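This is query_11.cif. It holds mmCIF, C-alpha atoms and all ligand atoms.
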data_upload
#
loop_
_atom_site.group_PDB
_atom_site.id
_atom_site.type_symbol
_atom_site.label_atom_id
_atom_site.label_comp_id
_atom_site.auth_asym_id
_atom_site.auth_seq_id
_atom_site.Cartn_x
_atom_site.Cartn_y
_atom_site.Cartn_z
ATOM 1 C CA MET Y 12 12.672 -10.245 -15.210
ATOM 2 C CA LYS Y 13 12.522 -13.362 -13.037
ATOM 3 C CA GLN Y 14 11.160 -12.375 -9.634
ATOM 4 C CA ILE Y 15 12.229 -14.248 -6.513
ATOM 5 C CA TYR Y 16 10.036 -14.767 -3.450
ATOM 6 C CA VAL Y 17 12.114 -15.030 -0.274
ATOM 7 C CA ILE Y 18 10.665 -16.464 2.941
ATOM 8 C CA GLU Y 19 12.785 -15.561 5.959
ATOM 9 C CA HIS Y 20 11.918 -18.300 8.434
ATOM 10 C CA LEU Y 21 11.516 -16.660 11.854
ATOM 11 C CA GLU Y 22 9.917 -19.382 13.973
ATOM 12 C CA LYS Y 23 12.016 -21.553 16.321
ATOM 13 C CA GLU Y 24 11.323 -24.681 14.280
ATOM 14 C CA VAL Y 25 9.838 -25.508 10.929
ATOM 15 C CA TYR Y 26 6.511 -26.659 12.382
ATOM 16 C CA PRO Y 27 4.039 -28.769 10.334
ATOM 17 C CA TRP Y 28 1.873 -25.650 9.935
ATOM 18 C CA CYS Y 29 4.884 -23.765 8.437
ATOM 19 C CA LEU Y 30 5.607 -26.651 6.043
ATOM 20 C CA MET Y 31 2.048 -26.605 4.764
ATOM 21 C CA GLU Y 32 2.225 -22.872 4.123
ATOM 22 C CA TYR Y 33 5.629 -23.214 2.422
ATOM 23 C CA ASN Y 34 4.307 -25.995 0.199
ATOM 24 C CA SER Y 35 1.348 -23.785 -0.683
ATOM 25 C CA ILE Y 36 3.742 -20.911 -1.567
ATOM 26 C CA SER Y 37 5.750 -23.197 -3.847
ATOM 27 C CA LYS Y 38 2.555 -24.075 -5.719
ATOM 28 C CA ILE Y 39 1.780 -20.367 -6.216
ATOM 29 C CA VAL Y 40 5.169 -19.079 -7.428
ATOM 30 C CA GLY Y 41 6.967 -22.267 -8.557
ATOM 31 C CA GLN Y 42 9.959 -23.999 -6.954
ATOM 32 C CA SER Y 43 12.549 -22.156 -9.064
ATOM 33 C CA ASN Y 44 11.300 -18.733 -7.899
ATOM 34 C CA LEU Y 45 11.264 -19.477 -4.180
ATOM 35 C CA TRP Y 46 13.993 -19.202 -1.531
ATOM 36 C CA PHE Y 47 13.792 -20.138 2.138
ATOM 37 C CA THR Y 48 16.391 -18.272 4.233
ATOM 38 C CA ASN Y 49 17.500 -18.621 7.863
ATOM 39 C CA ILE Y 50 17.076 -22.412 7.795
ATOM 40 C CA LYS Y 51 19.365 -24.464 10.015
ATOM 41 C CA GLN Y 52 20.992 -27.152 7.864
ATOM 42 C CA ASN Y 53 20.476 -29.753 10.573
ATOM 43 C CA SER Y 54 16.753 -28.991 10.639
ATOM 44 C CA LYS Y 55 14.652 -32.100 9.974
ATOM 45 C CA ALA Y 56 12.594 -30.098 7.524
ATOM 46 C CA VAL Y 57 15.446 -29.353 5.094
ATOM 47 C CA ARG Y 58 14.825 -32.393 2.907
ATOM 48 C CA GLU Y 59 11.128 -31.520 2.601
ATOM 49 C CA LEU Y 60 11.820 -27.820 2.023
ATOM 50 C CA LYS Y 61 14.235 -28.580 -0.836
ATOM 51 C CA LYS Y 62 11.254 -29.973 -2.758
ATOM 52 C CA TYR Y 63 9.553 -26.586 -2.479
ATOM 53 C CA GLY Y 64 12.398 -24.162 -3.198
ATOM 54 C CA LYS Y 65 16.046 -23.228 -2.601
ATOM 55 C CA VAL Y 66 17.112 -23.641 1.035
ATOM 56 C CA ILE Y 67 19.645 -21.141 2.416
ATOM 57 C CA GLU Y 68 21.222 -21.261 5.871
ATOM 58 C CA LYS Y 69 22.060 -17.526 5.963
ATOM 59 C CA SER Y 70 19.493 -14.961 6.979
ATOM 60 C CA VAL Y 71 18.218 -12.655 4.235
ATOM 61 C CA LYS Y 72 19.570 -9.863 6.464
ATOM 62 C CA ASP Y 73 23.089 -10.968 5.473
ATOM 63 C CA LEU Y 74 22.459 -11.470 1.746
ATOM 64 C CA ASP Y 75 22.421 -7.786 0.736
ATOM 65 C CA LEU Y 76 19.871 -8.314 -2.046
ATOM 66 C CA LYS Y 77 19.496 -5.412 -4.460
ATOM 67 C CA ASN Y 78 16.082 -4.138 -5.590
ATOM 68 C CA SER Y 79 14.177 -5.859 -2.824
ATOM 69 C CA CYS Y 80 10.830 -5.216 -1.172
ATOM 70 C CA VAL Y 81 9.894 -6.416 2.306
ATOM 71 C CA LEU Y 82 6.188 -7.085 2.791
ATOM 72 C CA ASP Y 83 5.261 -5.619 6.154
ATOM 73 C CA PRO Y 84 1.785 -4.675 7.443
ATOM 74 C CA GLU Y 85 3.441 -1.702 9.196
ATOM 75 C CA ALA Y 86 4.977 -0.278 5.983
ATOM 76 C CA LYS Y 87 3.708 3.180 5.025
ATOM 77 C CA GLN Y 88 3.079 2.474 1.320
ATOM 78 C CA THR Y 89 0.855 -0.157 -0.281
ATOM 79 C CA LEU Y 90 2.236 -2.376 -3.048
ATOM 80 C CA VAL Y 91 0.786 -1.423 -6.457
ATOM 81 C CA PRO Y 92 1.127 -3.264 -9.805
ATOM 82 C CA LYS Y 93 3.371 -0.641 -11.443
ATOM 83 C CA SER Y 94 6.155 -0.783 -8.856
ATOM 84 C CA ALA Y 95 5.601 -4.499 -8.099
ATOM 85 C CA LYS Y 96 6.745 -5.343 -11.636
ATOM 86 C CA LYS Y 97 10.100 -3.662 -10.960
ATOM 87 C CA PHE Y 98 11.167 -5.453 -7.782
ATOM 88 C CA LYS Y 99 13.527 -8.396 -8.138
ATOM 89 C CA TYR Y 100 13.044 -9.846 -4.638
ATOM 90 C CA PHE Y 101 9.925 -9.950 -2.463
ATOM 91 C CA ILE Y 102 10.775 -10.757 1.149
ATOM 92 C CA PHE Y 103 8.190 -12.170 3.579
ATOM 93 C CA GLY Y 104 8.320 -13.118 7.225
ATOM 94 C CA GLY Y 105 8.016 -16.856 7.754
ATOM 95 C CA ILE Y 106 5.996 -15.959 10.836
ATOM 96 C CA LEU Y 107 2.868 -17.713 12.029
ATOM 97 C CA GLY Y 108 -0.146 -15.489 12.546
ATOM 98 C CA ASP Y 109 -0.687 -13.989 15.976
ATOM 99 C CA TYR Y 110 -3.600 -11.968 17.225
ATOM 100 C CA PRO Y 111 -3.418 -9.148 18.025
ATOM 101 C CA PRO Y 112 -0.364 -8.820 15.744
ATOM 102 C CA LYS Y 113 2.913 -8.243 17.591
ATOM 103 C CA LYS Y 114 4.555 -6.347 14.687
ATOM 104 C CA ARG Y 115 7.184 -9.061 14.418
ATOM 105 C CA THR Y 116 7.809 -8.354 10.726
ATOM 106 C CA LYS Y 117 8.915 -4.824 11.525
ATOM 107 C CA LYS Y 118 10.931 -5.779 14.625
ATOM 108 C CA GLU Y 119 12.593 -8.936 13.303
ATOM 109 C CA LEU Y 120 12.890 -8.322 9.551
ATOM 110 C CA THR Y 121 12.199 -4.915 7.988
ATOM 111 C CA LYS Y 122 14.492 -3.106 10.435
ATOM 112 C CA PHE Y 123 17.476 -5.133 9.225
ATOM 113 C CA VAL Y 124 16.920 -5.242 5.459
ATOM 114 C CA LYS Y 125 17.987 -2.452 3.104
ATOM 115 C CA GLY Y 126 15.534 -1.741 0.304
ATOM 116 C CA LYS Y 127 11.893 -0.824 0.067
ATOM 117 C CA GLU Y 128 8.968 -1.890 2.237
ATOM 118 C CA ARG Y 129 5.313 -2.187 1.268
ATOM 119 C CA ASN Y 130 2.053 -3.244 2.907
ATOM 120 C CA LEU Y 131 -0.937 -5.173 1.555
ATOM 121 C CA GLY Y 132 -3.325 -3.130 3.646
ATOM 122 C CA LYS Y 133 -3.448 -3.224 7.426
ATOM 123 C CA LYS Y 134 -5.104 -6.630 7.874
ATOM 124 C CA GLN Y 135 -2.987 -9.708 8.567
ATOM 125 C CA PHE Y 136 -2.643 -12.472 5.943
ATOM 126 C CA SER Y 137 -0.963 -15.837 6.488
ATOM 127 C CA THR Y 138 2.436 -15.905 4.755
ATOM 128 C CA ASP Y 139 1.118 -18.028 1.856
ATOM 129 C CA ASN Y 140 -1.863 -15.754 1.325
ATOM 130 C CA ALA Y 141 0.423 -12.686 1.434
ATOM 131 C CA VAL Y 142 2.509 -14.355 -1.314
ATOM 132 C CA PHE Y 143 -0.674 -15.119 -3.272
ATOM 133 C CA VAL Y 144 -1.745 -11.464 -3.107
ATOM 134 C CA VAL Y 145 1.709 -10.153 -4.145
ATOM 135 C CA HIS Y 146 1.788 -12.630 -7.038
ATOM 136 C CA GLU Y 147 -1.597 -11.300 -8.217
ATOM 137 C CA ILE Y 148 -0.368 -7.696 -7.911
ATOM 138 C CA THR Y 149 2.731 -8.486 -10.037
ATOM 139 C CA ARG Y 150 0.312 -9.765 -12.681
ATOM 140 C CA GLY Y 151 -1.415 -6.378 -12.741
ATOM 141 C CA LYS Y 152 -4.325 -6.821 -10.318
ATOM 142 C CA ALA Y 153 -4.529 -4.026 -7.741
ATOM 143 C CA LEU Y 154 -5.386 -4.803 -4.116
ATOM 144 C CA ASN Y 155 -8.660 -2.839 -4.340
ATOM 145 C CA LYS Y 156 -9.773 -5.043 -7.251
ATOM 146 C CA MET Y 157 -9.466 -8.229 -5.171
ATOM 147 C CA GLU Y 158 -12.079 -9.715 -2.874
ATOM 148 C CA PHE Y 159 -11.332 -10.720 0.712
ATOM 149 C CA LYS Y 160 -13.021 -12.247 3.725
ATOM 150 C CA ASN Y 161 -12.100 -11.104 7.208
ATOM 151 C CA LYS Y 162 -11.988 -13.945 9.766
ATOM 152 C CA LEU Y 163 -12.890 -17.590 9.207
ATOM 153 C CA ILE Y 164 -14.928 -19.693 11.606
ATOM 154 C CA ILE Y 165 -14.068 -23.376 11.257
ATOM 155 C CA LYS Y 166 -16.633 -25.741 12.729
ATOM 156 C CA ILE Y 167 -14.933 -28.644 14.505
ATOM 157 C CA ASN Y 168 -18.136 -30.414 15.669
ATOM 158 C CA ASN Y 169 -21.625 -29.458 16.883
ATOM 159 C CA ILE Y 170 -20.208 -27.677 19.924
ATOM 160 C CA GLU Y 171 -16.729 -26.387 19.108
ATOM 161 C CA SER Y 172 -15.418 -24.072 16.435
ATOM 162 C CA VAL Y 173 -12.109 -22.303 15.821
ATOM 163 C CA ILE Y 174 -11.857 -18.663 14.766
ATOM 164 C CA LEU Y 175 -9.018 -17.738 12.424
ATOM 165 C CA PRO Y 176 -8.795 -13.949 12.800
ATOM 166 C CA TYR Y 177 -6.978 -13.303 9.514
ATOM 167 C CA TYR Y 178 -7.714 -11.885 6.075
ATOM 168 C CA TYR Y 179 -8.428 -14.353 3.265
ATOM 169 C CA PRO Y 180 -8.393 -13.720 -0.508
ATOM 170 C CA ILE Y 181 -11.502 -15.093 -2.213
ATOM 171 C CA VAL Y 182 -10.651 -17.554 -4.986
ATOM 172 C CA ASN Y 183 -13.438 -19.168 -7.017
ATOM 173 C CA GLY Y 184 -15.953 -17.839 -4.530
ATOM 174 C CA LYS Y 185 -14.206 -19.302 -1.452
ATOM 175 C CA PRO Y 186 -11.651 -18.045 1.088
ATOM 176 C CA ARG Y 187 -8.196 -19.345 0.151
ATOM 177 C CA ILE Y 188 -7.114 -21.939 2.758
ATOM 178 C CA SER Y 189 -5.562 -25.331 2.042
ATOM 179 C CA LYS Y 190 -7.368 -28.620 2.673
ATOM 180 C CA GLU Y 191 -4.307 -29.859 4.620
ATOM 181 C CA LEU Y 192 -4.494 -26.887 6.970
ATOM 182 C CA LEU Y 193 -8.213 -27.409 7.536
ATOM 183 C CA ALA Y 194 -7.532 -31.064 8.344
ATOM 184 C CA LEU Y 195 -4.778 -30.063 10.814
ATOM 185 C CA ILE Y 196 -7.119 -27.616 12.562
ATOM 186 C CA LYS Y 197 -9.898 -30.189 12.794
ATOM 187 C CA CYS Y 198 -7.786 -33.043 14.164
HETATM 188 C C1 LIG W 201 1.136 -14.126 9.445
HETATM 189 S S1 LIG W 201 1.993 -12.696 8.874
HETATM 190 C C2 LIG W 201 2.777 -12.243 10.390
HETATM 191 C C3 LIG W 201 2.560 -10.797 10.723
HETATM 192 C C4 LIG W 201 2.998 -10.481 12.171
HETATM 193 N N1 LIG W 201 1.952 -10.838 13.088
HETATM 194 C C5 LIG W 201 3.282 -8.998 12.307
HETATM 195 O O1 LIG W 201 2.583 -8.322 13.032
HETATM 196 O O2 LIG W 201 4.242 -8.522 11.676
HETATM 197 C C6 LIG W 201 3.335 -13.427 7.949
HETATM 198 C C7 LIG W 201 3.956 -12.541 6.880
HETATM 199 O O3 LIG W 201 3.032 -12.269 5.833
HETATM 200 C C8 LIG W 201 3.256 -10.959 5.291
HETATM 201 N N2 LIG W 201 2.034 -10.165 5.503
HETATM 202 C C9 LIG W 201 0.887 -10.584 6.100
HETATM 203 N N3 LIG W 201 -0.042 -9.604 6.090
HETATM 204 C C10 LIG W 201 0.530 -8.533 5.465
HETATM 205 C C11 LIG W 201 0.069 -7.211 5.151
HETATM 206 N N4 LIG W 201 -1.133 -6.768 5.460
HETATM 207 N N5 LIG W 201 0.951 -6.386 4.520
HETATM 208 C C12 LIG W 201 2.189 -6.808 4.192
HETATM 209 N N6 LIG W 201 2.672 -8.044 4.463
HETATM 210 C C13 LIG W 201 1.850 -8.896 5.088
HETATM 211 C C14 LIG W 201 4.459 -10.384 6.044
HETATM 212 O O4 LIG W 201 5.633 -10.597 5.289
HETATM 213 C C15 LIG W 201 4.452 -11.195 7.343
HETATM 214 O O5 LIG W 201 5.722 -11.272 7.926
#
Rewritten as structure tokens:
Amino acid sequence: MKQIYVIEHLEKEVYPWCLMEYNSISKIVGQSNLWFTNIKQNSKAVRELKKYGKVIEKSVKDLDLKNSCVLDPEAKQTLVPKSAKKFKYFIFGGILGDYPPKKRTKKELTKFVKGKERNLGKKQFSTDNAVFVVHEITRGKALNKMEFKNKLIIKINNIESVILPYYYPIVNGKPRISKELLALIKC
């Protein structure tokens, strides 16, 4: 079964940071398996987003998708490989990280979508890393078999650094974060 990853955009604009994450998601799951919902058609980002996946003006809340699973840190159950293989749609909040988390996924998404809800543990991933983890789970790798790093400290110069208080999957020995994002943080 073809599985579709749906990103419900919930920020006011499609900021450069969002675009980088959405590009990263497209590379993980492939353009034909990715939908962006709740995107204003007059948004400047539409042309760019169309390169990454299908762009839909309606909210996912109005699409009535069958056999769907919302990924929400507040969900009671954790996503496991056996059930992950059976879902047709995985729905994520296109929400930028906030610390401490404001439970926006629950308040702005899960509440309004029929279907199941699952967590990836209690720690907060960026949307693209949450997609990465779900994609791994659908391929049979359980969450407790993956490696993670909590919090990244990015050195800007000899004096300043930025703390990213999120949870990062380890890929090839390194926390998964795109070069573009690192460049944006450092500039
Ligand atoms: C940066 S997170 C935003 C989370 C937001 N601060 C909150 O408290 O709901 C963006 C999206 O990634 C997914 N996500 C991140 N961490 C998750 C986790 N531990 N479990 C399930 N989904 C997660 C959710 O779909 C979430 O909407």
Quiz item: Can I get the residues close to ligand LIG 201 (chain W) as a list in words, where close means within 6 Å and we count all atoms listed in the file?
Solution: Leu82, Asp83, Pro84, Phe103, Gly104, Gly105, Ile106, Leu107, Gly108, Asp109, Pro112, Lys113, Lys114, Arg115, Thr116, Lys117, Asn130, Leu131, Gly132, Lys133, Lys134, Gln135, Phe136, Ser137, Thr138 and Ala141 of chain Y
Practice problem: Name the residues, using the chain letters and numbers of the file, that sit within 12 Å of (14.6, -3.5, 2.4) when counting only C-alpha atoms, and give them as a VMD selection string. | Solution: chain Y and resid 71 to 83 86 98 to 103 116 to 117 120 to 129
Practice problem: Find the spatial neighbours of stretch 33-41 of chain Y, counting all atoms listed in the file, within a cut-off of 8 Å - ignore same-chain residues fewer than 5 positions away - and output them as a list in words. | Solution: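 The filter keeps Tyr16, Leu60, Tyr63, Gly64, Asp139, Val142, Phe143, His146 and Ser189 of chain Y.
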Self-check item: Hits of the PyMOL selection byres (((chain Y and resi 25) around 12) and not hetatm) in this structure, as a ChimeraX atom specification
Solution: /Y:19-24,26-33,47-60,105-107
Quiz item: What gap, in Å, lies between atom CA of Y:Met12 and atom CA of Y:Lys96?
Solution: 8.5 Å
Quiz item: In Å to one decimal, how far is atom CA of Y:Ile196 from atom CA of Y:Ile174?
Solution: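 Computed distance, atom CA of Y:Ile174 to atom CA of Y:Ile196, equals 10.4 Å.
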Quiz item: Out of Y:Ala194, Y:Ile188, Y:Ile148, Y:Ile18, which residue has the shortest atom-to-atom distance to Y:Lys162 when counting only C-alpha atoms?
Solution: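 Counting only C-alpha atoms, the residue closest to Y:Lys162 is Y:Ile188.
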Self-check item: Option closest in space to Y:Pro92, from Y:Glu68, Y:Glu147, Y:Glu158, Y:Glu119 [counting only C-alpha atoms]
Solution: Y:Glu147
